[in-house]
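Below is the file work.tsv, which contains TSV, C-alpha atoms.
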chain	number	residue	atom	x	y	z
R	222	MET	CA	109.17	15.42	69.73
R	223	CYS	CA	110.49	12.48	67.69
R	224	ILE	CA	110.91	9.15	69.33
R	225	LYS	CA	114.13	7.44	68.33
R	226	GLN	CA	113.17	4.17	66.76
R	227	GLU	CA	114.97	1.81	64.42
R	228	ILE	CA	112.95	1.38	61.24
R	229	LYS	CA	115.03	-1.42	59.70
R	230	ASP	CA	114.36	-0.25	56.15
R	231	ARG	CA	117.42	-1.68	54.42
R	232	GLN	CA	116.25	-0.47	50.99
R	233	GLY	CA	115.83	3.06	52.31
R	234	GLU	CA	119.22	2.87	53.99
R	235	ALA	CA	120.87	1.71	50.76
R	236	ASN	CA	119.18	4.49	48.80
R	237	SER	CA	120.22	7.10	51.37
R	238	LEU	CA	123.82	5.89	51.26
R	239	GLY	CA	123.75	6.11	47.46
R	240	ASN	CA	122.37	9.64	47.68
R	241	LEU	CA	125.16	10.60	50.09
R	242	GLY	CA	127.60	9.17	47.55
R	243	ASN	CA	126.01	11.32	44.84
R	244	ALA	CA	126.35	14.42	47.01
R	245	TYR	CA	130.04	13.78	47.70
R	246	PHE	CA	130.59	12.98	44.02
R	247	ALA	CA	129.07	16.36	43.10
R	248	LEU	CA	131.46	18.02	45.56
R	249	GLY	CA	134.41	16.26	43.91
R	250	GLN	CA	135.08	14.22	47.05
R	251	PHE	CA	135.39	10.95	45.17
R	252	GLU	CA	136.92	8.83	47.93
R	253	GLN	CA	134.06	9.73	50.26
R	254	ALA	CA	131.57	9.05	47.45
R	255	ILE	CA	133.14	5.64	46.86
R	256	ASN	CA	132.81	4.84	50.57
R	257	TYR	CA	129.05	5.51	50.47
R	258	TYR	CA	128.56	3.75	47.12
R	259	GLU	CA	130.31	0.64	48.48
R	260	GLN	CA	128.08	0.62	51.56
R	261	SER	CA	124.99	1.00	49.38
R	262	LEU	CA	126.22	-1.78	47.09
R	263	CYS	CA	126.77	-4.09	50.05
R	264	ILE	CA	123.23	-3.62	51.34
R	265	LYS	CA	121.70	-3.95	47.88
R	266	GLY	CA	123.54	-7.24	47.48
R	267	LYS	CA	122.27	-8.50	50.83
R	268	ILE	CA	118.65	-7.60	50.09
R	269	LYS	CA	118.95	-8.95	46.54
R	270	ASP	CA	118.06	-5.63	44.88
R	271	ASN	CA	119.83	-6.45	41.63
R	272	LYS	CA	118.65	-3.39	39.69
R	273	GLY	CA	119.80	-1.22	42.56
R	274	LYS	CA	123.08	-3.11	42.56
R	275	VAL	CA	123.54	-2.27	38.87
R	276	ASN	CA	123.03	1.41	39.64
R	277	SER	CA	125.41	1.35	42.61
R	278	LEU	CA	128.07	-0.40	40.53
R	279	GLY	CA	127.68	2.28	37.84
R	280	SER	CA	128.05	5.11	40.33
R	281	LEU	CA	131.02	3.41	41.94
R	282	SER	CA	132.77	2.93	38.61
R	283	LYS	CA	132.31	6.59	37.63
R	284	ALA	CA	133.85	7.76	40.91
R	285	LEU	CA	136.76	5.35	40.45
R	286	LEU	CA	137.40	6.75	36.97
R	287	PHE	CA	137.79	10.21	38.47
R	288	LEU	CA	140.45	8.82	40.81
R	289	GLY	CA	142.25	7.18	37.90
R	290	GLU	CA	141.43	3.65	39.06
R	291	VAL	CA	140.39	2.62	35.56
R	292	GLU	CA	140.94	-1.15	35.82
R	293	ARG	CA	138.90	-1.34	39.02
R	294	ALA	CA	136.19	0.77	37.38
R	295	ILE	CA	136.13	-1.62	34.41
R	296	ASN	CA	135.74	-4.63	36.72
R	297	TYR	CA	132.72	-3.06	38.46
R	298	THR	CA	131.24	-2.00	35.11
R	299	GLU	CA	131.61	-5.48	33.64
R	300	GLU	CA	129.81	-6.86	36.70
R	301	SER	CA	127.07	-4.25	36.21
R	302	LEU	CA	126.74	-5.20	32.54
R	303	ALA	CA	126.49	-8.92	33.33
R	304	ILE	CA	123.75	-8.35	35.91
R	305	SER	CA	121.88	-6.00	33.54
R	306	GLN	CA	121.97	-8.58	30.76
R	307	GLU	CA	120.84	-11.34	33.11
R	308	LEU	CA	117.90	-9.18	34.30
R	309	LYS	CA	117.19	-7.93	30.78
R	310	TYR	CA	117.50	-4.44	32.30
R	311	ARG	CA	118.19	-2.60	29.05
R	312	GLN	CA	118.79	0.87	30.54
R	313	GLY	CA	121.34	-0.69	32.89
R	314	GLU	CA	122.96	-2.25	29.83
R	315	VAL	CA	123.08	1.13	28.09
R	316	ASN	CA	124.72	2.79	31.09
R	317	SER	CA	127.20	-0.05	31.60
R	318	LEU	CA	128.25	-0.07	27.95
R	319	GLU	CA	128.60	3.71	28.01
R	320	ASN	CA	130.75	3.51	31.15
R	321	LEU	CA	132.94	0.86	29.50
R	322	GLY	CA	133.36	3.16	26.52
R	323	ILE	CA	134.42	6.01	28.78
R	324	ALA	CA	136.85	3.77	30.69
R	325	TYR	CA	138.53	2.64	27.48
R	326	LEU	CA	138.77	6.28	26.36
R	327	PHE	CA	140.68	6.89	29.62
R	328	LEU	CA	143.02	4.03	28.69
R	329	GLY	CA	143.52	5.36	25.16
R	330	GLU	CA	141.93	2.25	23.62
R	331	ILE	CA	139.81	4.36	21.32
R	332	GLU	CA	138.54	1.65	18.95
R	333	ARG	CA	137.40	-0.46	21.88
R	334	ALA	CA	135.72	2.61	23.39
R	335	ILE	CA	133.93	3.26	20.11
R	336	ASN	CA	132.65	-0.31	19.93
R	337	TYR	CA	131.13	-0.18	23.43
R	338	THR	CA	129.69	3.27	22.80
R	339	LYS	CA	128.11	2.24	19.48
R	340	GLU	CA	126.55	-0.75	21.21
R	341	SER	CA	125.16	1.61	23.87
R	342	LEU	CA	123.86	3.93	21.16
R	343	ALA	CA	122.08	1.10	19.34
R	344	ILE	CA	120.23	0.02	22.49
R	345	SER	CA	119.38	3.64	23.36
R	346	GLN	CA	117.87	4.11	19.90
R	347	GLU	CA	115.90	0.88	20.23
R	348	LEU	CA	114.54	2.01	23.63
R	349	LYS	CA	114.01	5.60	22.48
R	350	TYR	CA	116.15	6.57	25.49
R	351	ARG	CA	117.13	10.11	24.54
R	352	GLN	CA	119.58	10.75	27.40
R	353	GLY	CA	121.46	7.54	26.60
R	354	LYS	CA	121.51	8.44	22.92
R	355	ALA	CA	122.83	11.94	23.67
R	356	ASN	CA	125.55	10.57	25.94
R	357	SER	CA	126.65	8.04	23.33
R	358	LEU	CA	126.70	10.56	20.49
R	359	GLY	CA	128.77	12.99	22.55
R	360	ASN	CA	131.24	10.30	23.56
R	361	LEU	CA	131.56	9.10	19.98
R	362	GLY	CA	132.37	12.69	19.02
R	363	ILE	CA	135.10	12.76	21.65
R	364	ALA	CA	136.49	9.40	20.52
R	365	TYR	CA	136.68	10.40	16.86
R	366	HIS	CA	138.29	13.69	17.89
R	367	TYR	CA	141.04	11.66	19.63
R	368	LEU	CA	141.50	9.72	16.39
R	369	GLY	CA	141.90	12.97	14.45
R	370	GLN	CA	138.71	12.32	12.49
R	371	PHE	CA	137.37	15.80	13.09
R	372	GLU	CA	134.56	15.85	10.51
R	373	ARG	CA	133.19	12.61	11.92
R	374	ALA	CA	133.55	13.97	15.45
R	375	ILE	CA	131.65	17.13	14.51
R	376	ASN	CA	128.88	15.05	12.93
R	377	TYR	CA	128.38	13.09	16.16
R	378	HIS	CA	128.41	16.25	18.24
R	379	TYR	CA	125.79	17.85	16.00
R	380	GLN	CA	123.54	14.84	16.35

Whole structure, structure tokens version:
Amino acid sequence: MCIKQEIKDRQGEANSLGNLGNAYFALGQFEQAINYYEQSLCIKGKIKDNKGKVNSLGSLSKALLFLGEVERAINYTEESLAISQELKYRQGEVNSLENLGIAYLFLGEIERAINYTKESLAISQELKYRQGKANSLGNLGIAYHYLGQFERAINYHYQ
């Protein structure tokens, strides 16, 4: 029999809330996901887990994009990027730049999207971060497709 006891593990609570957000995101229940991501973000801010805060901001911005709240997503992503740069958390930088690229694709600002995505790609290559590189190359392919530069788009997709 388990004895009910409060553990007071704020980090664990924040991580669990983030995981709940991920589950609801996977189910396409973006508003519920946002609710959990915001709770996780709040706790991570209080316990000064800045890397965790970067990750929560990234998750939150992706869910907001799916709801069409692009400007709000950009604000969270810019905050994530600033924290990542301050911490010299390069993978956080990669993800933030990639998310900015995606957000500007949503807004139809293709050149701006390309610039952020190329910056993400450069850091991914420097870090030998294959997932980041793959994401950037795919998103560059999409961006050049939107511009009607199909050969260039195909080249990025092949890479």

Using all atoms listed in the file, find each residue of stretch 258-352 of chain R with at least one atom at most 9 Å away from an atom of stretch 225-247 of chain R; report its shortest atom-to-atom pair and that distance in Å (one decimal), sort the rows by chain and rising residue number, and return the result as a tab-separated table.
residue	atom	partner	partner_atom	distance
R:Tyr258	CA	R:Gly239	CA	5.4
R:Glu259	CA	R:Gly239	CA	8.6
R:Gln260	CA	R:Leu238	CA	6.8
R:Ser261	CA	R:Ala235	CA	4.4
R:Leu262	CA	R:Ala235	CA	7.4
R:Cys263	CA	R:Ala235	CA	8.3
R:Ile264	CA	R:Ala235	CA	5.9
R:Lys265	CA	R:Ala235	CA	6.4
R:Ile268	CA	R:Arg231	CA	7.4
R:Asp270	CA	R:Gln232	CA	8.2
R:Gly273	CA	R:Asn236	CA	8.5
R:Ser277	CA	R:Gly239	CA	7.0
R:Ser280	CA	R:Asn243	CA	7.9
R:Leu281	CA	R:Gly242	CA	8.7
R:Ala284	CA	R:Phe246	CA	6.9

(Q) Can you tell me which residues surround R:Asn316 at a distance of at most 8 Å, considering only C-alpha atoms, apart from same-chain residues fewer than 4 positions away, and format the answer as a ChimeraX atom specification? (A) /R:279,312,320,341,353

Exercise for the section: May I have the protein, DNA and RNA residues with any atom at most 12 Å from the point (136.0, 0.4, 26.0), counting all atoms listed in the file, written as number ranges by chain? Expected result: R: 291-292, 294-296, 298-299, 317-341, 360-361, 364

Contact residues around R:Leu342 with all atoms listed in the file at 9 Å, ignoring same-chain residues under 5 positions, as JSON, numbers by chain = {"R": [315, 319, 337, 347, 353, 354, 355, 356, 357, 358]}

Selection above as a file: C-alpha atoms, as a PDB file, in the frame of the given file:
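Result file result_10.pdb:
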ATOM      1  CA  VAL R 315     123.080   1.130  28.090  1.00  0.00           C
ATOM      2  CA  GLU R 319     128.600   3.710  28.010  1.00  0.00           C
ATOM      3  CA  TYR R 337     131.130  -0.180  23.430  1.00  0.00           C
ATOM      4  CA  GLU R 347     115.900   0.880  20.230  1.00  0.00           C
ATOM      5  CA  GLY R 353     121.460   7.540  26.600  1.00  0.00           C
ATOM      6  CA  LYS R 354     121.510   8.440  22.920  1.00  0.00           C
ATOM      7  CA  ALA R 355     122.830  11.940  23.670  1.00  0.00           C
ATOM      8  CA  ASN R 356     125.550  10.570  25.940  1.00  0.00           C
ATOM      9  CA  SER R 357     126.650   8.040  23.330  1.00  0.00           C
ATOM     10  CA  LEU R 358     126.700  10.560  20.490  1.00  0.00           C
TER      11      LEU R 358
END

The distance between atom CA of R:Leu302 and atom CA of R:Glu314 is 5.5 Å

One residue among R:Lys267, R:Arg311, R:Arg293, R:Lys283 is nearest to R:Lys349 when using only C-alpha atoms, and that residue is R:Arg311

From atom CA of R:Ala343 to atom CA of R:Asn376 the spacing works out at 16.8 Å

Pairwise distance, atom CA of R:Val275 with atom CA of R:Ala303, equals 9.1 Å

Write out as JSON an axis-aligned box for stretch 300-304 of chain R: all of its atoms listed in the file, 4 Å added on each side, centre and edge lengths in Å with one decimal.
{"center_x": 126.8, "center_y": -6.6, "center_z": 34.6, "size_x": 14.1, "size_y": 12.7, "size_z": 12.2}

Using only C-alpha atoms, the shortest atom-to-atom distance to R:Gln250 among R:Gln306, R:Gly359, R:His378, R:Leu285 belongs to R:Leu285

_Pick from R:Gln380, R:Leu308, R:Ala254, R:Leu248 nearest to R:Arg351, counting all atoms listed in the file_ =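 Between R:Gln380, R:Leu308, R:Ala254, R:Leu248, the residue approaching R:Arg351 most closely is R:Gln380.
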